[in-house]
Every structure is written in C-alpha cells, then in structure tokens.
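*Asks:* Sharing query-v7.cif below, mmCIF, C-alpha atoms:
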```
data_structure
#
loop_
_atom_site.label_atom_id
_atom_site.label_comp_id
_atom_site.auth_asym_id
_atom_site.auth_seq_id
_atom_site.Cartn_x
_atom_site.Cartn_y
_atom_site.Cartn_z
CA MET A 1 -12.11 -22.80 -12.49
CA SER A 2 -12.20 -22.59 -8.69
CA ASN A 3 -11.43 -26.31 -8.51
CA GLU A 4 -8.20 -25.74 -10.43
CA VAL A 5 -6.63 -23.53 -7.75
CA VAL A 6 -5.40 -24.96 -4.47
CA LYS A 7 -6.35 -22.80 -1.50
CA GLY A 8 -3.92 -22.09 1.29
CA ASN A 9 -0.78 -20.01 0.99
CA SER A 10 -1.71 -16.71 -0.67
CA GLY A 11 1.56 -16.59 -2.61
CA GLN A 12 1.03 -20.15 -3.77
CA GLU A 13 -2.54 -19.35 -4.82
CA ASP A 14 -1.29 -16.30 -6.76
CA ALA A 15 1.36 -18.43 -8.48
CA GLU A 16 -1.26 -20.97 -9.53
CA LEU A 17 -3.59 -18.27 -10.82
CA ILE A 18 -0.73 -16.78 -12.83
CA GLY A 19 0.01 -20.22 -14.24
CA LEU A 20 -3.60 -20.56 -15.35
CA PHE A 21 -3.55 -17.08 -16.86
CA LEU A 22 -0.39 -17.88 -18.82
CA GLN A 23 -2.17 -20.99 -20.13
CA GLY A 24 -4.79 -18.69 -21.66
CA LYS A 25 -7.40 -18.59 -18.91
CA GLU A 26 -8.14 -14.86 -18.71
CA GLU A 27 -10.53 -15.30 -15.76
CA ALA A 28 -7.51 -16.21 -13.60
CA PHE A 29 -6.25 -12.63 -13.86
CA ASN A 30 -9.71 -11.37 -12.92
CA ARG A 31 -9.45 -13.45 -9.75
CA LEU A 32 -6.06 -11.88 -8.98
CA VAL A 33 -7.60 -8.42 -9.43
CA PHE A 34 -10.57 -9.28 -7.22
CA LYS A 35 -8.27 -10.74 -4.56
CA HIS A 36 -5.94 -7.72 -4.35
CA LYS A 37 -7.98 -4.73 -5.53
CA GLU A 38 -8.90 -3.42 -2.07
CA LYS A 39 -5.33 -3.35 -0.74
CA ILE A 40 -4.05 -1.79 -3.96
CA TYR A 41 -6.78 0.84 -3.89
CA PHE A 42 -6.05 1.79 -0.27
CA LEU A 43 -2.32 2.04 -1.02
CA ALA A 44 -3.09 4.43 -3.89
CA LEU A 45 -5.52 6.37 -1.71
CA ARG A 46 -2.95 6.86 1.03
CA VAL A 47 -0.33 8.04 -1.43
CA LEU A 48 -2.53 10.21 -3.66
CA GLY A 49 -5.07 11.46 -1.15
CA ASN A 50 -8.33 11.25 -3.09
CA HIS A 51 -10.73 8.63 -4.40
CA HIS A 52 -10.69 9.56 -8.09
CA ASP A 53 -6.90 9.51 -8.43
CA ALA A 54 -6.65 6.32 -6.36
CA GLU A 55 -9.15 4.56 -8.64
CA GLU A 56 -7.25 5.61 -11.74
CA ALA A 57 -3.87 4.65 -10.30
CA SER A 58 -5.19 1.25 -9.20
CA GLN A 59 -6.53 0.56 -12.68
CA GLU A 60 -3.27 1.69 -14.27
CA ALA A 61 -1.28 -0.58 -11.94
CA PHE A 62 -3.40 -3.61 -12.81
CA ILE A 63 -3.06 -2.85 -16.53
CA LYS A 64 0.72 -2.61 -16.19
CA ALA A 65 0.75 -5.88 -14.24
CA TYR A 66 -1.40 -7.56 -16.89
CA LYS A 67 0.94 -6.49 -19.67
CA ALA A 68 4.12 -7.51 -17.79
CA LEU A 69 2.89 -10.66 -16.05
CA ARG A 70 4.82 -12.98 -18.38
CA LYS A 71 8.06 -11.36 -17.17
CA LEU A 72 7.42 -12.07 -13.48
CA LYS A 73 9.91 -14.74 -12.40
CA GLU A 74 8.87 -15.31 -8.79
CA ARG A 75 5.12 -15.83 -9.17
CA LYS A 76 4.55 -16.36 -5.46
CA TYR A 77 5.63 -12.73 -4.92
CA PHE A 78 2.94 -11.37 -7.21
CA PHE A 79 1.40 -9.13 -4.53
CA THR A 80 4.73 -7.58 -3.60
CA TRP A 81 5.44 -6.98 -7.28
CA LEU A 82 1.98 -5.47 -7.80
CA TYR A 83 2.43 -3.31 -4.71
CA ARG A 84 5.67 -1.93 -6.13
CA ILE A 85 4.04 -1.24 -9.51
CA THR A 86 1.20 0.59 -7.74
CA PHE A 87 3.57 2.61 -5.59
CA ASN A 88 5.59 3.63 -8.65
CA VAL A 89 2.43 4.59 -10.57
CA CYS A 90 1.31 6.73 -7.64
CA MET A 91 4.68 8.43 -7.26
CA THR A 92 4.78 9.20 -10.98
CA ARG A 93 1.29 10.71 -10.76
CA LYS A 94 2.25 12.74 -7.70
CA LYS A 95 5.31 14.15 -9.41
CA ALA A 96 3.38 14.96 -12.57
CA ALA A 97 0.51 16.65 -10.76
CA ARG A 98 2.54 18.19 -7.93
CA PHE A 99 0.01 17.02 -5.35
CA THR A 100 0.00 18.93 -2.08
CA GLU A 101 -2.95 17.28 -0.35
CA PRO A 102 -2.12 15.27 2.77
CA LEU A 103 -2.32 11.50 2.77
CA ASP A 104 -5.63 9.90 3.69
CA SER A 105 -5.42 6.93 5.97
CA ALA A 106 -7.26 3.80 4.96
CA ALA A 107 -7.83 3.23 8.64
CA GLU A 108 -9.89 6.44 8.76
CA LEU A 109 -12.00 5.30 5.83
CA ARG A 110 -12.61 1.88 7.33
CA ASP A 111 -13.36 3.22 10.80
CA SER A 112 -17.12 3.61 10.83
CA SER A 113 -17.32 3.69 14.61
CA ALA A 114 -16.52 7.39 15.00
CA GLY A 115 -18.70 8.61 17.87
CA GLN A 116 -19.64 12.07 19.02
CA GLY A 117 -17.94 11.97 22.42
CA GLU A 118 -14.87 13.77 23.69
CA GLU A 119 -12.82 10.60 23.35
CA SER A 120 -13.71 10.41 19.66
CA VAL A 121 -12.66 14.03 19.11
CA GLU A 122 -9.31 13.34 20.77
CA LYS A 123 -8.86 10.22 18.66
CA ASP A 124 -9.60 12.21 15.48
CA GLN A 125 -7.12 14.90 16.52
CA LEU A 126 -4.47 12.26 17.19
CA LYS A 127 -5.08 10.65 13.77
CA LYS A 128 -4.81 14.04 12.12
CA ALA A 129 -1.55 14.81 13.93
CA VAL A 130 -0.02 11.46 12.95
CA LYS A 131 -1.12 12.04 9.35
CA GLU A 132 0.56 15.47 9.39
CA MET A 133 3.76 13.91 10.75
CA MET A 134 3.61 11.23 8.04
CA CYS A 135 3.29 13.89 5.34
CA ALA A 136 6.42 15.57 6.65
CA LEU A 137 8.48 12.38 6.33
CA PRO A 138 10.80 11.89 3.37
CA ARG A 139 9.12 9.83 0.62
CA GLN A 140 11.03 6.60 1.29
CA GLN A 141 10.44 6.70 5.06
CA ARG A 142 6.76 7.49 4.56
CA ALA A 143 6.37 4.58 2.14
CA VAL A 144 8.04 2.12 4.52
CA PHE A 145 6.01 3.42 7.47
CA VAL A 146 2.71 3.05 5.56
CA MET A 147 3.59 -0.46 4.37
CA ARG A 148 4.57 -1.60 7.85
CA ILE A 149 1.80 0.06 9.89
CA TYR A 150 -1.20 0.16 7.57
CA ASP A 151 -0.49 -2.79 5.29
CA GLU A 152 1.17 -4.89 8.02
CA MET A 153 3.88 -6.01 5.61
CA LYS A 154 7.01 -7.82 6.79
CA PHE A 155 10.32 -6.02 6.34
CA GLU A 156 11.36 -8.57 3.70
CA GLU A 157 8.21 -7.76 1.69
CA ILE A 158 8.81 -4.04 2.12
CA ALA A 159 12.37 -4.49 0.87
CA GLN A 160 11.12 -6.26 -2.24
CA ALA A 161 8.41 -3.68 -2.86
CA THR A 162 10.72 -0.68 -2.52
CA GLY A 163 14.01 -2.05 -3.80
CA LEU A 164 15.67 -1.54 -0.42
CA THR A 165 17.56 -4.16 1.54
CA THR A 166 15.79 -5.62 4.56
CA GLY A 167 18.13 -3.63 6.79
CA GLY A 168 17.38 -0.49 4.78
CA ALA A 169 13.65 -1.04 5.23
CA LYS A 170 14.14 -1.47 8.99
CA ALA A 171 16.30 1.66 9.18
CA ASN A 172 13.76 3.73 7.24
CA PHE A 173 10.96 2.49 9.49
CA PHE A 174 12.96 3.23 12.66
CA ASN A 175 13.80 6.75 11.44
CA ALA A 176 10.17 7.38 10.46
CA VAL A 177 8.92 6.30 13.87
CA GLN A 178 11.52 8.47 15.62
CA LYS A 179 10.55 11.52 13.54
CA ILE A 180 6.86 10.99 14.19
CA LYS A 181 7.51 10.58 17.94
CA LYS A 182 9.63 13.73 17.99
CA GLY A 183 6.95 15.66 16.06
CA MET A 184 4.24 14.45 18.43
CA ARG A 185 6.31 15.40 21.49
CA THR A 186 6.87 18.86 20.07
CA LYS A 187 3.25 19.34 19.05
CA TYR A 188 1.82 18.14 22.36
CA GLU A 189 4.73 19.24 24.56
CA LEU A 190 5.23 15.75 25.99
#
```
As structure tokens, how would this structure be written, given the file I've shared?
*Replies:*
Amino acid sequence: MSNEVVKGNSGQEDAELIGLFLQGKEEAFNRLVFKHKEKIYFLALRVLGNHHDAEEASQEAFIKAYKALRKLKERKYFFTWLYRITFNVCMTRKKAARFTEPLDSAAELRDSSAGQGEESVEKDQLKKAVKEMMCALPRQQRAVFVMRIYDEMKFEEIAQATGLTTGGAKANFFNAVQKIKKGMRTKYEL
C-alpha cells in the first residue's frame, strides 16, 4: 500500500489515505492513526492531566473519527478535524469527571535531560509556574495557548480546530500570554 500514497504535503498525504480508506482499504486508516497518535495523545494528556485518561480519550477520538470519516469534506484538513474531535472528547470527559488536576505539559514528558543542578531546579520551578498560570486561564484561552505553543499550530489551524475566527484565535492567544506574563510578574515580583 505504501506505493499508493504520494509523500510530501502532510494534508495531501492524509487526503490520499482517506481516499484509500473510503475505497475499502482499512489499513489506510491504521496509517492515519499511526501518523497522528502521538500528537493526539499529548493533546489529551495536557488537557486531562494523566496517562490513563489521555489513552482512553485518544482512542475515543480515533473511534469517532473512524465513524464520521465519510462526512469529512476537506480531507486535507484531517488532522485539524481530528484535533477538534479530541479536544471536544477531552472537554466532555473533564466536565463529566470534574477534573481538578493541573495540566501536564508534553514538553515535560519529552524532556529527558533534566539534570540535578541548580539551573535544572530553576527550570523545573519555571515550568511549574507557567503550568499553574495556564491552569488559571479560561478554557478557550488555555486551548489556544496550548495549540500555539506546544503543538506549534498556525492561527488558521487553531481557528478551524476551535471554531473561532483567525482573529479570535489571535486575540485569545494574546490575552493568554498577557495573563501568564502578569501572573509571572506577580509571582516573581518582576
């Protein structure tokens, strides 16, 4: 099957895999899952705060995507669509369970270079403070901030994933950054 998909643009590759899936080639969806599972898992982890819930939410999001894939009109935006499904699944789970745990940063999980020195302790304290400030943000601002900073999404992609306009995504990001800066200044008396 790998010969049937043209490499290059990720959105184009997704669209071609979806086309193959809709032609009855189930393994094409497996390739989509394999391609995007890490990013989807880390999104769920940041929103839900623990491995078990993130795993379950990721699986639920992929199942929902599988069932609704025929309805997706813009196939090249599959990842953005999947991201939105995942975010909605996570928010539904948070509301249902009334989670109070802080968000875990995927960057913390990926950072295996944590040393024992004073600089490392300061870095850990700074990460913890930023995470606390993120938790204090309104849901929409926190979502936009996470997508922009941790997932390095463009504002247009964020707008599609959240249902905001591009300007609304930019405004939410700006406000989130300002609130985090203000919180950091207050906390560290800068």
*Asks:* Taking 5 positions as the minimum chain separation for residues in the same chain, which residues sit within 12 Å of A:Arg139 when counting all atoms listed in the file? Answer as a list in words.
*Replies:*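 The filter keeps Val47, Phe87, Asn88, Cys90, Met91, Lys94, Lys95, Leu103, Met134, Val144, Phe145, Val146, Thr162, Asn172, Phe173 and Ala176 of chain A.
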*Asks:* Please list as a list in words every residue within 12 Å of stretch 22-28 of chain A, counting only C-alpha atoms and excluding residues in the same chain fewer than 3 positions away.
*Replies:*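 Everything that qualifies: Met1, Ser2, Asn3, Glu4, Val5, Glu13, Asp14, Ala15, Glu16, Leu17, Ile18, Gly19, Arg31, Leu32, Val33, Phe34, Lys35, Tyr66, Lys67, Ala68, Leu69, Arg70, Lys71, Leu72 and Arg75 of chain A.
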*Asks:* Go ahead and write the residues just picked, C-alpha atoms, as a PDB file, keeping the file's coordinate frame.
*Replies:*
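Written output follows (again_25.pdb):
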```
ATOM      1  CA  MET A   1     -12.110 -22.800 -12.490  1.00  0.00           C
ATOM      2  CA  SER A   2     -12.200 -22.590  -8.690  1.00  0.00           C
ATOM      3  CA  ASN A   3     -11.430 -26.310  -8.510  1.00  0.00           C
ATOM      4  CA  GLU A   4      -8.200 -25.740 -10.430  1.00  0.00           C
ATOM      5  CA  VAL A   5      -6.630 -23.530  -7.750  1.00  0.00           C
ATOM      6  CA  GLU A  13      -2.540 -19.350  -4.820  1.00  0.00           C
ATOM      7  CA  ASP A  14      -1.290 -16.300  -6.760  1.00  0.00           C
ATOM      8  CA  ALA A  15       1.360 -18.430  -8.480  1.00  0.00           C
ATOM      9  CA  GLU A  16      -1.260 -20.970  -9.530  1.00  0.00           C
ATOM     10  CA  LEU A  17      -3.590 -18.270 -10.820  1.00  0.00           C
ATOM     11  CA  ILE A  18      -0.730 -16.780 -12.830  1.00  0.00           C
ATOM     12  CA  GLY A  19       0.010 -20.220 -14.240  1.00  0.00           C
ATOM     13  CA  ARG A  31      -9.450 -13.450  -9.750  1.00  0.00           C
ATOM     14  CA  LEU A  32      -6.060 -11.880  -8.980  1.00  0.00           C
ATOM     15  CA  VAL A  33      -7.600  -8.420  -9.430  1.00  0.00           C
ATOM     16  CA  PHE A  34     -10.570  -9.280  -7.220  1.00  0.00           C
ATOM     17  CA  LYS A  35      -8.270 -10.740  -4.560  1.00  0.00           C
ATOM     18  CA  TYR A  66      -1.400  -7.560 -16.890  1.00  0.00           C
ATOM     19  CA  LYS A  67       0.940  -6.490 -19.670  1.00  0.00           C
ATOM     20  CA  ALA A  68       4.120  -7.510 -17.790  1.00  0.00           C
ATOM     21  CA  LEU A  69       2.890 -10.660 -16.050  1.00  0.00           C
ATOM     22  CA  ARG A  70       4.820 -12.980 -18.380  1.00  0.00           C
ATOM     23  CA  LYS A  71       8.060 -11.360 -17.170  1.00  0.00           C
ATOM     24  CA  LEU A  72       7.420 -12.070 -13.480  1.00  0.00           C
ATOM     25  CA  ARG A  75       5.120 -15.830  -9.170  1.00  0.00           C
TER      26      ARG A  75
END
```
*Asks:* If the PyMOL selection byres ((chain A and resi 181-183) around 12) were run on this exact file, what residues would it hold? Put them as a PyMOL selection string.
*Replies:* chain A and resi 126+129-137+174-180+184-190
*Asks:* For a test of reading the model, state the distance in Å between atom CA of A:Ser58 and atom CA of A:Thr92, rounded to one decimal.
*Replies:*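 Going from atom CA of A:Ser58 over to atom CA of A:Thr92, I get 12.9 Å.
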*Asks:* In terms of the shortest atom-to-atom distance over all atoms listed in the file, which of A:Gly11, A:Arg46, A:Ala143, A:Lys170 is closest to A:Arg84?
*Replies:*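 The closest residue to A:Arg84 is A:Ala143.
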*Asks:* Enumerate, as a short mmCIF file (atom, residue, chain, number, x, y, z; two decimals) with C-alpha atoms, in the coordinates of the input, the residues matched when the PyMOL selection byres ((chain A and resi 61) around 8) is run on the file above.
*Replies:*
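For reference, part-v9.cif as written:
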```cif
data_model
loop_
_atom_site.label_atom_id
_atom_site.label_comp_id
_atom_site.auth_asym_id
_atom_site.auth_seq_id
_atom_site.Cartn_x
_atom_site.Cartn_y
_atom_site.Cartn_z
CA ALA A 57 -3.87 4.65 -10.30
CA SER A 58 -5.19 1.25 -9.20
CA GLN A 59 -6.53 0.56 -12.68
CA GLU A 60 -3.27 1.69 -14.27
CA PHE A 62 -3.40 -3.61 -12.81
CA ILE A 63 -3.06 -2.85 -16.53
CA LYS A 64 0.72 -2.61 -16.19
CA ALA A 65 0.75 -5.88 -14.24
CA LEU A 82 1.98 -5.47 -7.80
CA ILE A 85 4.04 -1.24 -9.51
CA THR A 86 1.20 0.59 -7.74
CA VAL A 89 2.43 4.59 -10.57
#
```
*Asks:* Quick one: of A:Gly163, A:Pro138, A:Gly49, A:Gly168, who's nearest to A:Trp81, counting only C-alpha atoms?
*Replies:* A:Gly163
*Asks:* Quote the spacing between atom CA of A:Phe78 and atom CA of A:His51 in Å to one decimal place.
*Replies:* 24.4 Å
*Asks:* How far is it from atom CA of A:Tyr83 to atom CA of A:Met153, in Å with one decimal?
*Replies:* 10.8 Å
*Asks:* Taking only C-alpha atoms into account, name the residue in A:Ser120, A:Asn30, A:Ser10, A:Gln140 that is nearest to A:Ile158.
*Replies:* A:Gln140
*Asks:* Report as lines of an AutoDock Vina configuration file the centre and the edge lengths, in Å to one decimal, of the axis-aligned box holding every listed atom of stretch 22-29 of chain A, padded by 5 Å on each side.
*Replies:*
```
center_x = -5.5
center_y = -16.8
center_z = -17.6
size_x = 20.1
size_y = 18.4
size_z = 18.1
```
*Asks:* Could stretch 71-94 of chain A be completed with N, CA and C atoms and returned as a compact mmCIF listing (two decimals), in the coordinates of the input?
*Replies:*
```txt
# COMPACT_ATOMS: atom_id res chain seq x y z
N LYS A 71 6.68 -11.62 -17.57
CA LYS A 71 8.06 -11.36 -17.17
C LYS A 71 8.32 -11.65 -15.69
N LEU A 72 7.27 -11.83 -14.91
CA LEU A 72 7.42 -12.07 -13.48
C LEU A 72 8.03 -13.45 -13.24
N LYS A 73 9.21 -13.47 -12.62
CA LYS A 73 9.91 -14.74 -12.40
C LYS A 73 9.42 -15.45 -11.14
N GLU A 74 9.29 -14.73 -10.07
CA GLU A 74 8.87 -15.31 -8.79
C GLU A 74 7.37 -15.09 -8.62
N ARG A 75 6.58 -16.00 -9.16
CA ARG A 75 5.12 -15.83 -9.17
C ARG A 75 4.51 -15.74 -7.78
N LYS A 76 5.13 -16.39 -6.80
CA LYS A 76 4.55 -16.36 -5.46
C LYS A 76 4.68 -14.98 -4.81
N TYR A 77 5.48 -14.09 -5.43
CA TYR A 77 5.63 -12.73 -4.92
C TYR A 77 4.82 -11.73 -5.75
N PHE A 78 3.77 -12.22 -6.37
CA PHE A 78 2.94 -11.37 -7.21
C PHE A 78 2.46 -10.12 -6.47
N PHE A 79 1.94 -10.28 -5.24
CA PHE A 79 1.40 -9.13 -4.53
C PHE A 79 2.47 -8.08 -4.26
N THR A 80 3.64 -8.52 -3.86
CA THR A 80 4.73 -7.58 -3.60
C THR A 80 5.10 -6.84 -4.88
N TRP A 81 5.14 -7.57 -5.98
CA TRP A 81 5.44 -6.98 -7.28
C TRP A 81 4.36 -5.98 -7.67
N LEU A 82 3.10 -6.35 -7.49
CA LEU A 82 1.98 -5.47 -7.80
C LEU A 82 2.00 -4.23 -6.91
N TYR A 83 2.34 -4.41 -5.65
CA TYR A 83 2.43 -3.31 -4.71
C TYR A 83 3.46 -2.30 -5.20
N ARG A 84 4.60 -2.82 -5.64
CA ARG A 84 5.67 -1.93 -6.13
C ARG A 84 5.21 -1.20 -7.39
N ILE A 85 4.56 -1.88 -8.30
CA ILE A 85 4.04 -1.24 -9.51
C ILE A 85 3.09 -0.11 -9.11
N THR A 86 2.18 -0.41 -8.19
CA THR A 86 1.20 0.59 -7.74
C THR A 86 1.88 1.79 -7.11
N PHE A 87 2.84 1.52 -6.25
CA PHE A 87 3.57 2.61 -5.59
C PHE A 87 4.26 3.49 -6.63
N ASN A 88 4.90 2.87 -7.60
CA ASN A 88 5.59 3.63 -8.65
C ASN A 88 4.61 4.44 -9.49
N VAL A 89 3.46 3.86 -9.82
CA VAL A 89 2.43 4.59 -10.57
C VAL A 89 2.00 5.81 -9.77
N CYS A 90 1.76 5.62 -8.50
CA CYS A 90 1.31 6.73 -7.64
C CYS A 90 2.37 7.83 -7.55
N MET A 91 3.62 7.44 -7.38
CA MET A 91 4.68 8.43 -7.26
C MET A 91 4.85 9.21 -8.58
N THR A 92 4.71 8.52 -9.69
CA THR A 92 4.78 9.20 -10.98
C THR A 92 3.63 10.20 -11.11
N ARG A 93 2.44 9.80 -10.70
CA ARG A 93 1.29 10.71 -10.76
C ARG A 93 1.48 11.90 -9.82
N LYS A 94 2.03 11.65 -8.65
CA LYS A 94 2.25 12.74 -7.70
C LYS A 94 3.23 13.75 -8.26
```
